[in-house]
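**Student:** I'm passing along start-v5.cif; it holds mmCIF, C-alpha atoms.
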data_data
#
loop_
_atom_site.label_atom_id
_atom_site.label_comp_id
_atom_site.auth_asym_id
_atom_site.auth_seq_id
_atom_site.Cartn_x
_atom_site.Cartn_y
_atom_site.Cartn_z
CA MET A 695 15.44 32.71 -20.54
CA LEU A 696 15.08 34.11 -17.06
CA LYS A 697 13.55 37.27 -18.47
CA TYR A 698 10.89 35.26 -20.36
CA THR A 699 10.06 33.16 -17.30
CA ALA A 700 9.76 36.25 -15.09
CA SER A 701 7.51 37.91 -17.69
CA ARG A 702 5.22 34.88 -17.83
CA ILE A 703 4.97 34.72 -14.04
CA ALA A 704 4.16 38.44 -13.99
CA LEU A 705 1.39 37.93 -16.56
CA ILE A 706 -0.07 35.06 -14.51
CA LEU A 707 0.00 37.14 -11.32
CA LEU A 708 -1.53 40.10 -13.15
CA SER A 709 -4.30 37.83 -14.44
CA ALA A 710 -4.84 36.43 -10.95
CA GLY A 711 -5.10 39.97 -9.58
CA VAL A 712 -7.71 40.95 -12.16
CA LEU A 713 -9.68 37.76 -11.50
CA TYR A 714 -9.48 38.39 -7.74
CA LEU A 715 -10.90 41.85 -8.22
CA ALA A 716 -13.61 40.33 -10.41
CA GLY A 717 -14.64 38.09 -7.51
CA ALA A 718 -12.88 34.76 -8.19
CA ARG A 719 -11.54 33.31 -4.93
CA SER A 720 -10.76 29.60 -5.42
CA PHE A 721 -8.63 27.19 -7.40
CA LEU A 722 -10.66 28.26 -10.39
CA MET A 723 -9.03 31.69 -10.13
CA TRP A 724 -5.52 30.20 -10.34
CA GLY A 725 -6.47 27.85 -13.16
CA LEU A 726 -7.95 30.68 -15.17
CA ALA A 727 -4.97 32.90 -14.31
CA ILE A 728 -2.57 30.31 -15.73
CA VAL A 729 -4.61 29.90 -18.92
CA ILE A 730 -5.06 33.64 -19.39
CA GLY A 731 -1.39 34.28 -18.57
CA ALA A 732 -0.31 31.71 -21.16
CA LEU A 733 -2.52 33.31 -23.80
CA LEU A 734 -1.21 36.78 -22.96
CA ALA A 735 2.39 35.50 -23.13
CA PHE A 736 1.65 33.99 -26.53
CA ILE A 737 0.29 37.33 -27.73
CA PHE A 738 2.70 39.80 -26.06
CA LEU A 739 5.98 37.84 -25.75
CA PRO A 740 6.62 36.16 -29.13
CA HIS A 741 10.15 37.59 -29.54
CA GLN A 742 11.26 36.45 -26.10
CA GLN A 743 9.60 33.09 -26.69
CA GLN A 744 11.48 32.63 -29.98
CA ALA A 745 14.77 33.55 -28.28
CA VAL A 746 14.16 30.90 -25.60
CA TYR A 747 13.27 28.30 -28.23
CA ASP A 748 16.43 29.08 -30.19
CA GLU A 749 18.56 28.79 -27.07
CA MET A 750 16.96 25.47 -26.15
CA ALA A 751 17.41 24.16 -29.71
CA LYS A 752 21.12 25.02 -29.66
CA HIS A 753 21.52 23.28 -26.32
CA THR A 754 19.58 20.23 -27.48
CA LEU A 755 21.51 20.07 -30.75
CA PHE A 756 24.81 20.31 -28.87
CA ARG A 757 23.79 17.53 -26.50
CA SER A 758 22.53 15.29 -29.29
CA ARG A 759 25.78 15.75 -31.24
CA ASN A 760 27.76 14.74 -28.18
CA ARG A 761 25.58 11.69 -27.66
CA VAL A 762 25.98 10.60 -31.26
CA SER A 763 29.72 11.11 -31.19
CA GLU A 764 29.94 9.16 -27.92
CA ALA A 765 27.91 6.33 -29.45
CA ASP A 766 30.09 6.39 -32.56
CA ARG A 767 33.23 6.30 -30.41
CA LEU A 768 31.97 3.29 -28.45
CA ALA A 769 30.93 1.51 -31.64
CA ALA A 770 34.37 2.14 -33.16
CA GLU A 771 36.05 0.70 -30.04
CA GLU A 772 33.83 -2.37 -30.23
CA ASP A 773 34.62 -2.79 -33.93
CA GLU A 774 38.34 -2.59 -33.22
CA LEU A 775 38.08 -5.25 -30.50
CA LEU A 776 36.06 -7.57 -32.74
CA ASP A 777 38.49 -7.04 -35.63
CA ALA A 778 41.42 -7.84 -33.33
CA GLU A 779 39.73 -11.04 -32.13
CA LEU A 780 38.97 -12.07 -35.71
CA LEU A 781 42.54 -11.37 -36.79
CA ASP A 782 43.89 -13.42 -33.86
CA ALA A 783 41.59 -16.30 -34.78
CA GLN A 784 42.72 -16.16 -38.41
CA ARG A 785 46.38 -16.12 -37.37
CA ALA A 786 45.81 -19.10 -35.10
CA THR A 787 44.10 -20.95 -37.95
CA ASP A 788 46.88 -20.12 -40.39
CA HIS A 789 49.54 -21.12 -37.85
CA ASP A 790 47.98 -24.45 -36.87
CA GLY A 791 47.09 -25.44 -40.41
CA ALA A 792 44.01 -27.60 -40.31
CA VAL A 793 42.64 -26.26 -37.04
CA GLY A 794 38.99 -25.52 -37.37
CA THR A 795 38.17 -28.30 -39.85
CA ALA A 796 35.25 -30.51 -39.00
CA THR A 797 36.05 -33.67 -37.06
CA SER A 798 32.96 -35.42 -38.20
CA GLN A 799 31.05 -35.46 -41.42
CA VAL A 800 27.33 -35.97 -41.80
CA THR A 801 26.23 -38.40 -44.47
CA GLN A 802 23.16 -37.97 -46.61
CA GLU A 803 21.16 -40.27 -44.33
CA GLY A 804 21.85 -37.95 -41.41
CA ARG A 805 24.26 -40.25 -39.57
CA SER A 806 27.49 -38.90 -38.24
CA GLU A 807 30.71 -40.55 -39.33
CA GLN A 808 34.00 -39.66 -37.75
CA ALA A 809 37.01 -38.90 -39.85
CA PRO A 810 39.70 -41.60 -39.71
CA GLY A 811 41.98 -41.39 -36.72
CA GLU A 812 39.67 -39.13 -34.69
CA GLY A 813 37.24 -39.68 -31.90
CA GLU A 814 36.97 -42.67 -29.61
CA GLN A 815 38.85 -45.89 -30.15
CA SER A 816 37.18 -48.41 -32.41
CA GLU A 817 35.08 -51.05 -30.75
CA LYS A 818 36.68 -54.46 -30.49
CA PRO A 819 34.45 -57.48 -30.95
CA GLU A 820 34.19 -59.62 -27.88
CA ALA A 821 35.37 -63.18 -28.28
#
Go ahead and express the file in the form of structure tokens.
**Tutor:**
Amino acid sequence: MLKYTASRIALILLSAGVLYLAGARSFLMWGLAIVIGALLAFIFLPHQQQAVYDEMAKHTLFRSRNRVSEADRLAAEEDELLDAELLDAQRATDHDGAVGTATSQVTQEGRSEQAPGEGEQSEKPEA
């Protein structure tokens, strides 16, 4: 990768030198040198360019595999915690019997009626 980068810089400097000799003396010279150097690198350095791309692809693939496996590991830990909580809740329900049943039932009219023996004490009529 270092060899490819050094070659590209050399092509840019070579282009800048030729442009300088041709009379370019401003930012335009450096802009043209970069463009010309990139074109020359595309033409004269395809094998080095492909080697750099392959190296970068291997590195990117390796990093993406590690990210996916890390995400999978965290998801598995979360699933285990949620399964443990669900199992504890089911055990508590099985142990207590009727725990978790509704304490009030809604009638068809939409009013709430409490199950017998639950809720507040019944109202006593005043004498």
**Student:** In terms of the shortest atom-to-atom distance over all atoms listed in the file, which of A:Ala710, A:Met750, A:Leu705, A:Leu775 is closest to Phe736 (chain A)?
**Tutor:** A:Leu705
**Student:** Check which residues satisfy the PyMOL selection byres ((chain A and resi 724) around 10) in the file shown, then give them as a list in words.
**Tutor:**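 Going through the file, the PyMOL selection byres ((chain A and resi 724) around 10) ends up selecting Ile706, Leu707, Ser709, Ala710, Gly711, Leu713, Tyr714, Ala718, Arg719, Ser720, Phe721, Leu722, Met723, Gly725, Leu726, Ala727, Ile728, Val729 and Ile730 of chain A.
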**Student:** Between CA of Gly731 (chain A) and CA of Ala704 (chain A), what is the distance, to one decimal in Å?
**Tutor:**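 Separation between CA of Gly731 (chain A) and CA of Ala704 (chain A): 8.3 Å.
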